[in-house]
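Visitor: Just input-v8.cif, nothing more (mmCIF, C-alpha atoms and all ligand atoms):
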```cif
data_target
#
loop_
_atom_site.label_atom_id
_atom_site.label_comp_id
_atom_site.auth_asym_id
_atom_site.auth_seq_id
_atom_site.Cartn_x
_atom_site.Cartn_y
_atom_site.Cartn_z
CA MET A 1 95.44 6.30 40.81
CA PRO A 2 96.61 8.94 38.28
CA LYS A 3 95.48 12.48 39.02
CA MET A 4 92.57 13.69 36.88
CA GLY A 5 92.31 17.39 36.15
CA ILE A 6 89.13 19.47 36.12
CA ALA A 7 88.79 22.33 33.65
CA ILE A 8 86.27 25.16 33.45
CA ILE A 9 85.81 26.50 29.92
CA GLY A 10 84.28 29.98 30.15
CA ALA A 11 85.14 32.11 33.18
CA GLY A 12 82.07 34.34 33.18
CA MET A 13 79.16 34.44 35.60
CA ILE A 14 78.33 30.72 35.63
CA GLY A 15 81.93 29.52 35.25
CA ALA A 16 82.41 30.89 38.76
CA ALA A 17 79.55 28.74 40.12
CA HIS A 18 81.14 25.61 38.59
CA ALA A 19 84.60 26.53 39.92
CA SER A 20 83.25 27.15 43.41
CA ALA A 21 81.36 23.83 43.50
CA TYR A 22 84.35 21.80 42.25
CA ARG A 23 86.50 23.52 44.88
CA GLN A 24 83.99 22.45 47.51
CA PHE A 25 83.64 18.79 46.52
CA ALA A 26 86.51 17.56 44.31
CA HIS A 27 88.56 16.29 47.24
CA ARG A 28 85.82 13.83 48.23
CA PHE A 29 86.21 11.74 45.07
CA SER A 30 88.64 9.34 43.43
CA GLY A 31 90.62 9.02 46.63
CA GLY A 32 91.58 12.68 46.39
CA ALA A 33 92.92 12.19 42.86
CA LEU A 34 90.92 15.03 41.31
CA ARG A 35 92.76 18.31 40.88
CA LEU A 36 91.59 21.78 39.89
CA ARG A 37 93.69 22.10 36.76
CA THR A 38 92.63 24.81 34.29
CA VAL A 39 90.35 27.81 33.89
CA CYS A 40 89.96 28.75 30.24
CA ASP A 41 88.62 32.00 28.83
CA MET A 42 89.40 34.07 25.76
CA ASN A 43 89.73 36.95 28.21
CA PRO A 44 92.97 36.07 30.10
CA LYS A 45 92.21 38.35 33.04
CA LEU A 46 88.86 36.67 33.71
CA ALA A 47 90.52 33.25 33.54
CA GLN A 48 93.33 34.27 35.90
CA ASP A 49 90.98 35.97 38.39
CA LEU A 50 88.77 32.87 38.60
CA ALA A 51 91.74 30.51 38.83
CA ASP A 52 93.18 32.60 41.68
CA LYS A 53 89.86 32.84 43.46
CA PHE A 54 89.24 29.09 43.60
CA GLY A 55 92.77 27.71 43.48
CA PHE A 56 93.00 26.29 39.96
CA GLU A 57 96.56 25.47 38.90
CA GLY A 58 96.66 27.21 35.54
CA VAL A 59 94.85 29.13 32.83
CA SER A 60 94.39 28.90 29.08
CA SER A 61 92.82 31.10 26.45
CA SER A 62 92.12 28.20 24.07
CA TRP A 63 89.47 25.53 24.69
CA GLU A 64 91.14 23.39 22.00
CA GLU A 65 94.32 23.43 24.10
CA VAL A 66 92.34 22.37 27.18
CA LEU A 67 90.74 19.45 25.36
CA ALA A 68 94.14 18.35 24.05
CA ASP A 69 95.60 18.27 27.59
CA PRO A 70 95.86 14.60 28.63
CA GLU A 71 95.78 15.63 32.28
CA VAL A 72 92.31 17.13 31.92
CA GLY A 73 89.64 14.48 32.47
CA VAL A 74 86.59 16.51 33.50
CA VAL A 75 85.29 19.57 31.65
CA SER A 76 82.53 22.07 32.41
CA VAL A 77 81.37 23.97 29.33
CA CYS A 78 80.37 27.43 30.54
CA LEU A 79 80.58 29.30 27.24
CA PRO A 80 77.91 31.37 25.46
CA ASN A 81 75.09 29.26 24.00
CA MET A 82 76.33 29.14 20.39
CA LEU A 83 79.53 27.32 21.44
CA HIS A 84 77.93 24.58 23.56
CA THR A 85 77.44 21.89 20.91
CA GLU A 86 80.84 22.21 19.24
CA VAL A 87 82.83 22.21 22.47
CA THR A 88 80.74 19.43 24.07
CA MET A 89 81.07 17.22 20.97
CA ARG A 90 84.81 17.82 20.84
CA ALA A 91 85.14 17.10 24.58
CA LEU A 92 83.26 13.80 24.17
CA ALA A 93 85.44 12.89 21.18
CA ALA A 94 88.51 13.61 23.31
CA GLY A 95 87.22 11.19 25.96
CA LYS A 96 86.53 13.82 28.63
CA HIS A 97 83.69 13.64 31.14
CA VAL A 98 81.66 16.72 30.27
CA LEU A 99 78.98 18.82 31.91
CA CYS A 100 77.48 21.29 29.45
CA GLU A 101 75.65 24.41 30.55
CA LYS A 102 72.07 24.80 29.45
CA PRO A 103 70.85 25.18 26.78
CA LEU A 104 72.53 22.15 25.26
CA ALA A 105 72.17 23.75 21.82
CA LEU A 106 70.48 26.62 20.01
CA ASN A 107 67.84 24.20 18.68
CA ALA A 108 66.87 20.50 18.67
CA ASP A 109 68.57 19.79 15.32
CA ASP A 110 71.87 20.87 16.83
CA ALA A 111 71.18 19.08 20.13
CA ARG A 112 70.39 15.70 18.59
CA PRO A 113 73.96 14.83 17.44
CA VAL A 114 75.24 15.70 20.92
CA HIS A 115 72.69 13.31 22.41
CA GLU A 116 73.80 10.59 19.96
CA ALA A 117 77.49 11.24 20.61
CA ALA A 118 76.96 11.14 24.39
CA ARG A 119 75.07 7.87 24.12
CA ALA A 120 77.93 6.31 22.15
CA ALA A 121 80.76 7.78 24.24
CA ASP A 122 82.55 5.97 27.01
CA CYS A 123 82.45 8.91 29.41
CA ILE A 124 80.00 10.55 31.80
CA SER A 125 78.09 13.55 30.49
CA GLY A 126 75.23 15.82 31.45
CA THR A 127 73.33 19.05 30.93
CA VAL A 128 73.26 21.62 33.73
CA PHE A 129 69.72 21.41 35.09
CA ASN A 130 70.70 22.53 38.57
CA TYR A 131 67.17 23.36 39.76
CA ARG A 132 66.23 19.65 39.88
CA ARG A 133 68.11 19.50 43.20
CA ILE A 134 65.99 22.11 44.94
CA PRO A 135 64.69 20.06 47.89
CA ALA A 136 61.08 21.20 47.35
CA LEU A 137 61.08 20.27 43.66
CA ALA A 138 62.60 16.87 44.31
CA GLN A 139 60.08 16.29 47.10
CA ILE A 140 57.12 17.37 44.94
CA LYS A 141 58.33 14.92 42.29
CA GLN A 142 58.30 12.15 44.90
CA ARG A 143 54.77 13.12 46.01
CA ILE A 144 53.53 13.01 42.40
CA ALA A 145 55.19 9.62 41.82
CA ALA A 146 53.66 8.27 45.04
CA GLY A 147 50.19 9.33 43.82
CA ASP A 148 49.65 11.76 46.73
CA LEU A 149 48.32 14.45 44.37
CA GLY A 150 46.23 12.02 42.35
CA LYS A 151 46.32 12.06 38.55
CA PRO A 152 48.34 15.00 37.13
CA VAL A 153 45.96 17.65 35.73
CA GLN A 154 47.85 20.91 35.30
CA ILE A 155 51.23 22.50 35.95
CA SER A 156 52.36 26.09 35.59
CA VAL A 157 56.00 27.08 35.66
CA LEU A 158 57.10 30.71 35.62
CA PHE A 159 60.75 31.68 35.32
CA GLN A 160 60.94 35.43 35.82
CA CYS A 161 64.05 37.57 35.98
CA ASP A 162 64.73 41.26 35.55
CA TYR A 163 68.35 41.08 34.42
CA ALA A 164 67.42 42.65 31.08
CA ALA A 165 64.80 45.11 32.34
CA ASP A 166 67.26 48.02 32.39
CA PRO A 167 67.53 49.43 28.82
CA LEU A 168 71.02 50.69 29.73
CA LEU A 169 72.43 47.20 30.13
CA PRO A 170 74.89 46.64 27.28
CA TYR A 171 74.15 44.68 24.14
CA SER A 172 75.74 41.19 24.28
CA TRP A 173 75.53 37.73 22.68
CA ARG A 174 72.35 37.14 24.69
CA TYR A 175 70.30 39.53 22.56
CA LYS A 176 71.19 38.02 19.18
CA PHE A 177 69.19 35.08 17.85
CA ASP A 178 72.05 33.45 15.92
CA LYS A 179 74.29 33.47 19.02
CA ALA A 180 71.83 32.84 21.86
CA GLY A 181 68.81 31.37 20.08
CA PRO A 182 65.44 32.52 21.45
CA GLY A 183 66.07 35.01 24.31
CA ALA A 184 64.18 34.52 27.57
CA LEU A 185 62.82 31.25 26.21
CA LEU A 186 66.21 29.60 25.76
CA ASP A 187 67.96 31.30 28.67
CA LEU A 188 65.26 30.83 31.32
CA GLY A 189 62.60 28.76 29.61
CA THR A 190 65.13 25.91 29.34
CA HIS A 191 65.06 25.56 33.13
CA ALA A 192 61.26 25.99 33.20
CA VAL A 193 60.70 23.35 30.52
CA ASP A 194 63.08 20.97 32.27
CA ALA A 195 61.21 21.50 35.56
CA MET A 196 57.93 20.65 33.77
CA ARG A 197 59.43 17.50 32.24
CA PHE A 198 61.01 16.59 35.59
CA LEU A 199 57.61 16.69 37.30
CA PHE A 200 55.08 15.73 34.58
CA GLY A 201 57.09 13.82 31.96
CA ASP A 202 57.28 14.27 28.22
CA VAL A 203 55.51 17.02 26.31
CA ALA A 204 53.56 15.83 23.27
CA GLU A 205 52.32 19.14 21.86
CA VAL A 206 52.66 22.90 22.16
CA VAL A 207 49.12 24.15 21.70
CA GLY A 208 50.06 27.83 21.37
CA ALA A 209 52.72 30.38 22.30
CA ALA A 210 53.31 34.15 22.38
CA SER A 211 56.56 36.11 22.16
CA THR A 212 57.33 39.75 23.04
CA ILE A 213 60.40 41.94 22.56
CA SER A 214 59.95 44.86 24.94
CA ILE A 215 63.37 46.56 24.52
CA GLY A 216 64.05 46.59 20.78
CA GLU A 217 67.65 47.89 20.77
CA ARG A 218 70.56 48.17 23.18
CA TYR A 219 73.84 50.12 23.31
CA LEU A 220 77.05 48.32 22.42
CA PRO A 221 79.53 48.17 25.33
CA LEU A 222 82.90 49.92 25.32
CA GLY A 223 84.44 47.47 27.83
CA THR A 224 83.98 43.78 28.69
CA ALA A 225 80.58 42.83 30.09
CA VAL A 226 80.46 39.76 32.37
CA GLY A 227 77.11 38.07 32.89
CA HIS A 228 74.44 40.76 33.25
CA GLY A 229 76.81 43.48 34.46
CA HIS A 230 76.87 47.16 33.50
CA VAL A 231 79.84 48.62 31.62
CA GLU A 232 80.50 51.93 29.89
CA LEU A 233 78.36 52.19 26.76
CA SER A 234 79.19 53.40 23.26
CA LYS A 235 76.74 55.62 21.38
CA LYS A 236 76.00 52.87 18.85
CA LYS A 237 72.90 50.73 19.26
CA GLU A 238 72.24 47.20 18.04
CA LYS A 239 68.85 45.62 17.32
CA VAL A 240 67.61 42.92 19.74
CA ASP A 241 66.13 40.06 17.71
CA ASN A 242 65.11 37.50 20.32
CA ASP A 243 62.29 37.45 22.87
CA ASP A 244 62.24 39.27 26.20
CA VAL A 245 59.14 37.29 27.21
CA MET A 246 57.83 33.97 25.88
CA SER A 247 54.86 31.95 27.09
CA GLY A 248 53.52 28.63 25.90
CA LEU A 249 50.60 26.32 26.54
CA VAL A 250 51.48 22.62 26.32
CA ARG A 251 49.84 19.19 26.39
CA PHE A 252 51.80 16.37 28.08
CA ALA A 253 51.97 12.78 26.86
CA ASN A 254 50.07 11.83 30.07
CA GLY A 255 47.15 14.07 29.00
CA ALA A 256 47.77 16.87 31.52
CA GLN A 257 48.20 20.49 30.43
CA GLY A 258 50.91 22.99 31.28
CA TYR A 259 51.63 26.70 31.11
CA VAL A 260 55.23 27.83 30.88
CA SER A 261 56.42 31.43 30.84
CA ALA A 262 59.91 32.95 30.79
CA SER A 263 60.71 36.63 31.15
CA ARG A 264 64.01 38.50 31.42
CA VAL A 265 62.27 41.85 31.92
CA ALA A 266 60.01 41.08 34.92
CA VAL A 267 60.88 44.11 37.07
CA GLY A 268 61.42 43.12 40.71
CA SER A 269 62.07 39.43 40.04
CA GLY A 270 65.76 38.71 40.48
CA ASN A 271 65.64 35.00 39.73
CA ARG A 272 62.16 33.62 40.40
CA LEU A 273 61.19 30.07 39.53
CA ALA A 274 57.60 29.49 40.62
CA ILE A 275 55.79 26.20 40.18
CA GLU A 276 52.23 25.12 40.86
CA VAL A 277 51.11 21.55 40.29
CA HIS A 278 47.50 20.40 40.35
CA GLY A 279 46.37 16.78 40.55
CA THR A 280 42.95 15.22 41.01
CA LYS A 281 43.56 14.95 44.78
CA GLY A 282 45.77 17.90 45.60
CA THR A 283 47.96 20.86 44.76
CA ALA A 284 51.63 21.58 45.50
CA ARG A 285 53.36 24.91 45.01
CA PHE A 286 56.83 26.35 45.41
CA SER A 287 58.79 29.51 44.62
CA THR A 288 62.54 30.09 44.84
CA GLU A 289 61.65 33.33 46.65
CA GLN A 290 60.61 31.19 49.64
CA PRO A 291 63.19 28.43 49.40
CA SER A 292 62.79 26.95 52.89
CA HIS A 293 59.58 25.05 52.12
CA TYR A 294 56.84 24.09 49.69
CA GLU A 295 53.10 24.07 50.25
CA ILE A 296 50.64 21.29 49.70
CA ALA A 297 46.84 21.03 49.87
CA LEU A 298 45.25 17.59 49.86
CA MET A 299 41.55 16.66 49.74
CA ASP A 300 40.79 14.24 52.55
CA GLY A 301 36.98 14.24 52.28
CA THR A 302 36.43 16.24 55.49
CA GLY A 303 35.88 19.66 53.92
CA PRO A 304 37.85 22.30 51.99
CA ALA A 305 41.53 21.47 51.59
CA ASN A 306 43.96 23.93 53.21
CA PHE A 307 47.60 24.48 52.37
CA ALA A 308 50.19 23.08 54.76
CA ARG A 309 53.88 23.93 54.77
CA VAL A 310 56.49 21.22 54.23
CA PRO A 311 59.95 22.40 55.27
CA ASN A 312 63.32 21.51 53.80
CA ARG A 313 64.57 18.50 55.67
CA PRO A 314 68.07 17.08 55.80
CA SER A 315 66.36 13.92 54.53
CA SER A 316 65.11 15.71 51.38
CA PRO A 317 66.36 14.20 48.13
CA SER A 318 69.79 15.53 47.05
CA VAL A 319 70.43 17.19 50.41
CA GLY A 320 71.54 14.46 52.81
CA ALA A 321 74.92 15.07 54.33
CA LEU A 322 75.65 17.92 51.92
CA ALA A 323 73.63 20.56 53.77
CA ALA A 324 75.90 22.98 55.59
CA VAL A 325 73.31 23.29 58.37
CA PRO A 326 71.25 20.07 58.36
CA HIS A 327 68.20 21.33 60.22
CA ASP A 328 64.50 21.59 59.27
CA LEU A 329 63.46 24.84 57.56
CA VAL A 330 67.00 26.11 56.99
CA SER A 331 66.82 27.47 53.44
CA ILE A 332 68.79 25.82 50.69
CA GLY A 333 69.86 28.42 48.12
CA TYR A 334 71.07 28.61 44.52
CA ALA A 335 74.76 28.03 45.24
CA GLU A 336 74.11 25.01 47.46
CA VAL A 337 71.83 23.42 44.87
CA PHE A 338 74.52 24.01 42.26
CA GLY A 339 77.01 22.25 44.52
CA PHE A 340 74.66 19.29 44.98
CA MET A 341 74.59 18.91 41.18
CA ILE A 342 78.40 18.97 40.86
CA HIS A 343 78.58 16.45 43.72
CA GLU A 344 76.17 14.19 41.80
CA PHE A 345 78.22 14.58 38.60
CA LEU A 346 81.48 13.69 40.35
CA SER A 347 79.76 10.77 42.10
CA ALA A 348 78.66 9.42 38.70
CA ILE A 349 82.22 9.71 37.37
CA ASP A 350 83.57 8.03 40.47
CA ALA A 351 81.09 5.15 40.21
CA GLY A 352 81.36 4.90 36.39
CA LYS A 353 77.56 5.21 36.22
CA PRO A 354 75.50 7.45 33.89
CA PHE A 355 74.58 10.91 35.18
CA GLU A 356 70.83 10.64 34.74
CA ASN A 357 69.39 13.56 36.69
CA GLY A 358 69.88 16.11 33.90
CA SER A 359 71.39 13.99 31.15
CA ILE A 360 72.42 15.09 27.69
CA GLU A 361 69.20 13.43 26.52
CA ASP A 362 67.26 15.68 28.91
CA GLY A 363 69.00 18.63 27.23
CA TYR A 364 67.87 17.34 23.83
CA ARG A 365 64.27 16.69 24.97
CA ALA A 366 64.08 20.20 26.44
CA ALA A 367 65.37 21.56 23.11
CA GLN A 368 62.54 19.78 21.26
CA VAL A 369 59.95 21.49 23.49
CA LEU A 370 61.68 24.87 23.24
CA ASP A 371 61.79 24.61 19.44
CA ALA A 372 58.09 23.81 19.36
CA ILE A 373 57.26 26.80 21.61
CA GLN A 374 59.35 29.08 19.41
CA GLN A 375 57.73 27.71 16.26
CA ALA A 376 54.20 27.97 17.68
CA SER A 377 54.83 31.63 18.50
CA VAL A 378 55.83 32.29 14.89
CA ILE A 379 53.16 30.29 13.04
CA ASN A 380 50.45 30.96 15.63
CA ALA A 381 49.32 27.34 15.53
CA PRO A 382 49.89 24.10 17.49
CA VAL A 383 53.14 22.14 17.01
CA ARG A 384 53.41 18.42 17.77
CA ILE A 385 56.60 16.99 19.29
CA ASN A 386 58.19 13.69 18.31
CA TRP A 387 59.22 12.99 21.91
CA GLN A 388 59.80 9.25 21.43
CA ASP A 389 62.21 9.37 18.47
N1 LIG B 1 72.56 26.94 35.03
C1 LIG B 1 72.31 28.20 35.34
O1 LIG B 1 71.62 28.49 36.31
C2 LIG B 1 72.93 29.29 34.49
C3 LIG B 1 72.99 30.62 34.96
C4 LIG B 1 73.60 31.58 34.15
C5 LIG B 1 74.11 31.22 32.90
N2 LIG B 1 74.01 29.93 32.47
C6 LIG B 1 74.51 29.54 31.12
O2 LIG B 1 75.93 29.59 31.15
C7 LIG B 1 76.43 30.00 29.89
C8 LIG B 1 77.39 31.17 30.08
O3 LIG B 1 76.66 32.23 30.67
P1 LIG B 1 77.39 33.38 31.52
O4 LIG B 1 76.31 34.15 32.16
O5 LIG B 1 78.45 32.79 32.37
O6 LIG B 1 78.02 34.22 30.32
P2 LIG B 1 79.25 35.22 30.38
O7 LIG B 1 79.15 36.04 29.16
O8 LIG B 1 79.32 35.86 31.73
O9 LIG B 1 80.52 34.22 30.29
C9 LIG B 1 80.90 33.54 29.13
C10 LIG B 1 82.43 33.54 29.08
O10 LIG B 1 82.85 32.79 27.94
C11 LIG B 1 84.00 33.43 27.41
N3 LIG B 1 84.16 33.05 26.01
C12 LIG B 1 83.38 33.38 24.96
N4 LIG B 1 83.83 32.80 23.82
C13 LIG B 1 84.93 32.08 24.18
C14 LIG B 1 85.83 31.24 23.47
N5 LIG B 1 85.70 31.01 22.15
N6 LIG B 1 86.85 30.65 24.15
C15 LIG B 1 87.01 30.87 25.49
N7 LIG B 1 86.19 31.65 26.21
C16 LIG B 1 85.15 32.24 25.57
C17 LIG B 1 83.71 34.91 27.58
O11 LIG B 1 84.90 35.68 27.55
C18 LIG B 1 83.01 34.94 28.94
O12 LIG B 1 83.90 35.20 30.00
C19 LIG B 1 75.22 30.35 29.03
O13 LIG B 1 74.99 29.33 28.12
C20 LIG B 1 74.07 30.46 30.01
O14 LIG B 1 72.85 30.02 29.48
C21 LIG B 1 73.43 28.97 33.24
#
```
Once more with this new file: its structure as structure tokens, please.
Ligand SMILES: NC(=O)c1ccc[n+]([C@@H]2O[C@H](COP(=O)([O-])OP(=O)(O)OC[C@H]3O[C@@H](n4cnc5c(N)ncnc54)[C@H](O)[C@@H]3O)[C@@H](O)[C@H]2O)c1

Guide:
Amino acid sequence: MPKMGIAIIGAGMIGAAHASAYRQFAHRFSGGALRLRTVCDMNPKLAQDLADKFGFEGVSSSWEEVLADPEVGVVSVCLPNMLHTEVTMRALAAGKHVLCEKPLALNADDARPVHEAARAADCISGTVFNYRRIPALAQIKQRIAAGDLGKPVQISVLFQCDYAADPLLPYSWRYKFDKAGPGALLDLGTHAVDAMRFLFGDVAEVVGAASTISIGERYLPLGTAVGHGHVELSKKKEKVDNDDVMSGLVRFANGAQGYVSASRVAVGSGNRLAIEVHGTKGTARFSTEQPSHYEIALMDGTGPANFARVPNRPSSPSVGALAAVPHDLVSIGYAEVFGFMIHEFLSAIDAGKPFENGSIEDGYRAAQVLDAIQQASVINAPVRINWQD
């Protein structure tokens, strides 16, 4: 079998997570025919450092060059948000298997052609919705599907981070609407909305939403900022024009209601995804701050329902033989979950089967909901979603 090269496009914070996961799993597939070929970044030092760290063969500063390389067959798009659609479309057109970071696009209008192109393409593609592989989330989904919680009534999903809480963090593409789209909403709310859809299905309407910018301007950096890192600041400030906090109230197609909130200025919350699901017969809840288990309370007719703990199990969905320590209650963290997703993506490529657990369509459907939340916050009125089109 000819060797197929893997390329990472964008060697910033999340490019490293992709590189690490490919390093961990690539050898298991295609009879060992996958190779770690290229790390691409417009900043050559970042590309070289990442390539050296995870053993990629070469570097490039041009994503066009990477897509033109016949030896590259698999591409991870880890660029800033405004480049996702163009590079993903071009990768699909070049016949590459492609995994695009979230958000798939800055808005649903831009996401739709990617969805159509992916549907028509003869290659495997997906949107990075890594949190779907958290054992607790996957297990809660199974419990809902099995009817254990009864009829879905309400879900709340909070995604709270404090990466932007420090006003001395440099200005970057993240704080500009035409580069990043909505701020916390698109950066973090994308995961929160996907988690809601994962558990409760399609969203039919955003009933209302509120947006806040709490730090109105930031200093431009003098050096290169990677991810949410500090660098030396200039004296010049730039206006922030996208949300630091966004919250929305939604109605699902199944009649249930949901509350979703994303914040990048929630002091003390490093990376907190917290979910609570209520059905007619029970409640399940989980937070990434306590990743070893979820809690469930079920009415059994004998009195008040109490919460019981359900630990991670090696038998949890997505975990299986991939857990480094396959033992009950051993926590499964962010990096492992990320690896499970890359493993699933490579498995789909290997089997020639669609990557359905975080598809490009899921990226488009999330974009429809995110657009509606954004719009509802501006017009201060409900927005319906054409979720079946
Ligand atoms: N799935 C997750 O959990 C998760 C977590 C963090 C970030 N992300 C997503 O990943 C994407 C990247 O975020 P990040 O935090 O890694 O950002 P980052 O700023 O750290 O990295 C982006 C990299 O892209 C490079 N780049 C920019 N334009 C380029 C071009 N034209 N050609 C080549 N390289 C170019 C930059 O030099 C930078 O190194 C974002 O869309 C973000 O939403 C996802």

Visitor: Could you check the closest approach to Cys78 (chain A) for each of A:Gln48, A:Ser331, A:Ser347, A:Thr127 and tell me which residue wins, using all atoms listed in the file?

Guide: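 Looking at the shortest contact to Cys78 (chain A), the residue is A:Thr127.
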
Visitor: With a cut-off of 6 Å, could you pull out the residues of chain A touching ligand LIG 1 (chain B) and give me the nearest pair of atoms for each, distance in Å to one decimal, using all atoms listed in the file, ordered by chain and ascending number, as JSON lines?

Guide:
```
{"residue": "A:Gly10", "atom": "CA", "partner": "B:LIG1", "partner_atom": "O10", "distance": 3.9}
{"residue": "A:Ala11", "atom": "CA", "partner": "B:LIG1", "partner_atom": "O12", "distance": 4.6}
{"residue": "A:Gly12", "atom": "CA", "partner": "B:LIG1", "partner_atom": "O9", "distance": 3.3}
{"residue": "A:Met13", "atom": "CA", "partner": "B:LIG1", "partner_atom": "O5", "distance": 3.7}
{"residue": "A:Ile14", "atom": "CA", "partner": "B:LIG1", "partner_atom": "O5", "distance": 3.9}
{"residue": "A:Gly15", "atom": "CA", "partner": "B:LIG1", "partner_atom": "O5", "distance": 5.6}
{"residue": "A:Cys40", "atom": "CA", "partner": "B:LIG1", "partner_atom": "C15", "distance": 6.0}
{"residue": "A:Asp41", "atom": "CA", "partner": "B:LIG1", "partner_atom": "N7", "distance": 3.6}
{"residue": "A:Met42", "atom": "CA", "partner": "B:LIG1", "partner_atom": "C15", "distance": 4.0}
{"residue": "A:Asn43", "atom": "CA", "partner": "B:LIG1", "partner_atom": "O11", "distance": 5.0}
{"residue": "A:Ser61", "atom": "CA", "partner": "B:LIG1", "partner_atom": "C15", "distance": 5.9}
{"residue": "A:Ser62", "atom": "CA", "partner": "B:LIG1", "partner_atom": "N6", "distance": 5.8}
{"residue": "A:Trp63", "atom": "CA", "partner": "B:LIG1", "partner_atom": "N6", "distance": 5.8}
{"residue": "A:Cys78", "atom": "CA", "partner": "B:LIG1", "partner_atom": "C7", "distance": 4.7}
{"residue": "A:Leu79", "atom": "CA", "partner": "B:LIG1", "partner_atom": "O10", "distance": 4.2}
{"residue": "A:Pro80", "atom": "CA", "partner": "B:LIG1", "partner_atom": "O13", "distance": 4.4}
{"residue": "A:Asn81", "atom": "CA", "partner": "B:LIG1", "partner_atom": "O13", "distance": 4.1}
{"residue": "A:Glu101", "atom": "CA", "partner": "B:LIG1", "partner_atom": "O2", "distance": 5.2}
{"residue": "A:Lys102", "atom": "CA", "partner": "B:LIG1", "partner_atom": "O14", "distance": 5.3}
{"residue": "A:Pro103", "atom": "CA", "partner": "B:LIG1", "partner_atom": "O14", "distance": 5.9}
{"residue": "A:Val128", "atom": "CA", "partner": "B:LIG1", "partner_atom": "N1", "distance": 5.5}
{"residue": "A:Asn130", "atom": "CA", "partner": "B:LIG1", "partner_atom": "N1", "distance": 6.0}
{"residue": "A:Asp187", "atom": "CA", "partner": "B:LIG1", "partner_atom": "O14", "distance": 5.1}
{"residue": "A:Val226", "atom": "CA", "partner": "B:LIG1", "partner_atom": "O8", "distance": 4.1}
{"residue": "A:Gly227", "atom": "CA", "partner": "B:LIG1", "partner_atom": "O8", "distance": 3.3}
```

Visitor: Write the selection just made, keeping C-alpha atoms, as a CSV table (one decimal), keeping the file's coordinate frame?

Guide:
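Result went into result_27.csv, see below:
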```csv
chain,number,residue,atom,x,y,z
A,10,GLY,CA,84.3,30.0,30.2
A,11,ALA,CA,85.1,32.1,33.2
A,12,GLY,CA,82.1,34.3,33.2
A,13,MET,CA,79.2,34.4,35.6
A,14,ILE,CA,78.3,30.7,35.6
A,15,GLY,CA,81.9,29.5,35.2
A,40,CYS,CA,90.0,28.8,30.2
A,41,ASP,CA,88.6,32.0,28.8
A,42,MET,CA,89.4,34.1,25.8
A,43,ASN,CA,89.7,37.0,28.2
A,61,SER,CA,92.8,31.1,26.4
A,62,SER,CA,92.1,28.2,24.1
A,63,TRP,CA,89.5,25.5,24.7
A,78,CYS,CA,80.4,27.4,30.5
A,79,LEU,CA,80.6,29.3,27.2
A,80,PRO,CA,77.9,31.4,25.5
A,81,ASN,CA,75.1,29.3,24.0
A,101,GLU,CA,75.6,24.4,30.6
A,102,LYS,CA,72.1,24.8,29.4
A,103,PRO,CA,70.8,25.2,26.8
A,128,VAL,CA,73.3,21.6,33.7
A,130,ASN,CA,70.7,22.5,38.6
A,187,ASP,CA,68.0,31.3,28.7
A,226,VAL,CA,80.5,39.8,32.4
A,227,GLY,CA,77.1,38.1,32.9
```

Visitor: Just the residues within 12 Å of Phe252 (chain A), please, counting all atoms listed in the file, with nothing from its chain fewer than 3 positions along; format it as an mmCIF file with C-alpha atoms, in the coordinates of the input.

Guide:
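Printed below is result06.cif as written:
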```cif
data_model
loop_
_atom_site.group_PDB
_atom_site.id
_atom_site.type_symbol
_atom_site.label_atom_id
_atom_site.label_comp_id
_atom_site.auth_asym_id
_atom_site.auth_seq_id
_atom_site.Cartn_x
_atom_site.Cartn_y
_atom_site.Cartn_z
ATOM 1 C CA PRO A 152 48.340 15.000 37.130
ATOM 2 C CA VAL A 153 45.960 17.650 35.730
ATOM 3 C CA GLN A 154 47.850 20.910 35.300
ATOM 4 C CA ILE A 155 51.230 22.500 35.950
ATOM 5 C CA VAL A 193 60.700 23.350 30.520
ATOM 6 C CA MET A 196 57.930 20.650 33.770
ATOM 7 C CA ARG A 197 59.430 17.500 32.240
ATOM 8 C CA PHE A 198 61.010 16.590 35.590
ATOM 9 C CA LEU A 199 57.610 16.690 37.300
ATOM 10 C CA PHE A 200 55.080 15.730 34.580
ATOM 11 C CA GLY A 201 57.090 13.820 31.960
ATOM 12 C CA ASP A 202 57.280 14.270 28.220
ATOM 13 C CA VAL A 203 55.510 17.020 26.310
ATOM 14 C CA ALA A 204 53.560 15.830 23.270
ATOM 15 C CA GLU A 205 52.320 19.140 21.860
ATOM 16 C CA VAL A 206 52.660 22.900 22.160
ATOM 17 C CA VAL A 207 49.120 24.150 21.700
ATOM 18 C CA LEU A 249 50.600 26.320 26.540
ATOM 19 C CA GLY A 255 47.150 14.070 29.000
ATOM 20 C CA ALA A 256 47.770 16.870 31.520
ATOM 21 C CA GLN A 257 48.200 20.490 30.430
ATOM 22 C CA GLY A 258 50.910 22.990 31.280
ATOM 23 C CA TYR A 259 51.630 26.700 31.110
ATOM 24 C CA VAL A 369 59.950 21.490 23.490
ATOM 25 C CA ARG A 384 53.410 18.420 17.770
ATOM 26 C CA ILE A 385 56.600 16.990 19.290
ATOM 27 C CA ASN A 386 58.190 13.690 18.310
ATOM 28 C CA TRP A 387 59.220 12.990 21.910
#
```

Visitor: Got a sec: who's within 12 Å of Leu83 (chain A), counting all atoms listed in the file, leaving out chain neighbours fewer than 6 positions off, as a list of chain:residue names?

Guide: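 Using all atoms listed in the file, the neighbours found are A:Ile9, A:Gly10, A:Trp63, A:Val77, A:Met89, A:Arg90, A:Cys100, A:Glu101, A:Lys102, A:Pro103, A:Leu104, A:Ala105, A:Leu106, A:Asp110, A:Ala111, A:Trp173, A:Asp178, A:Lys179, A:Ala180, A:Gly181.
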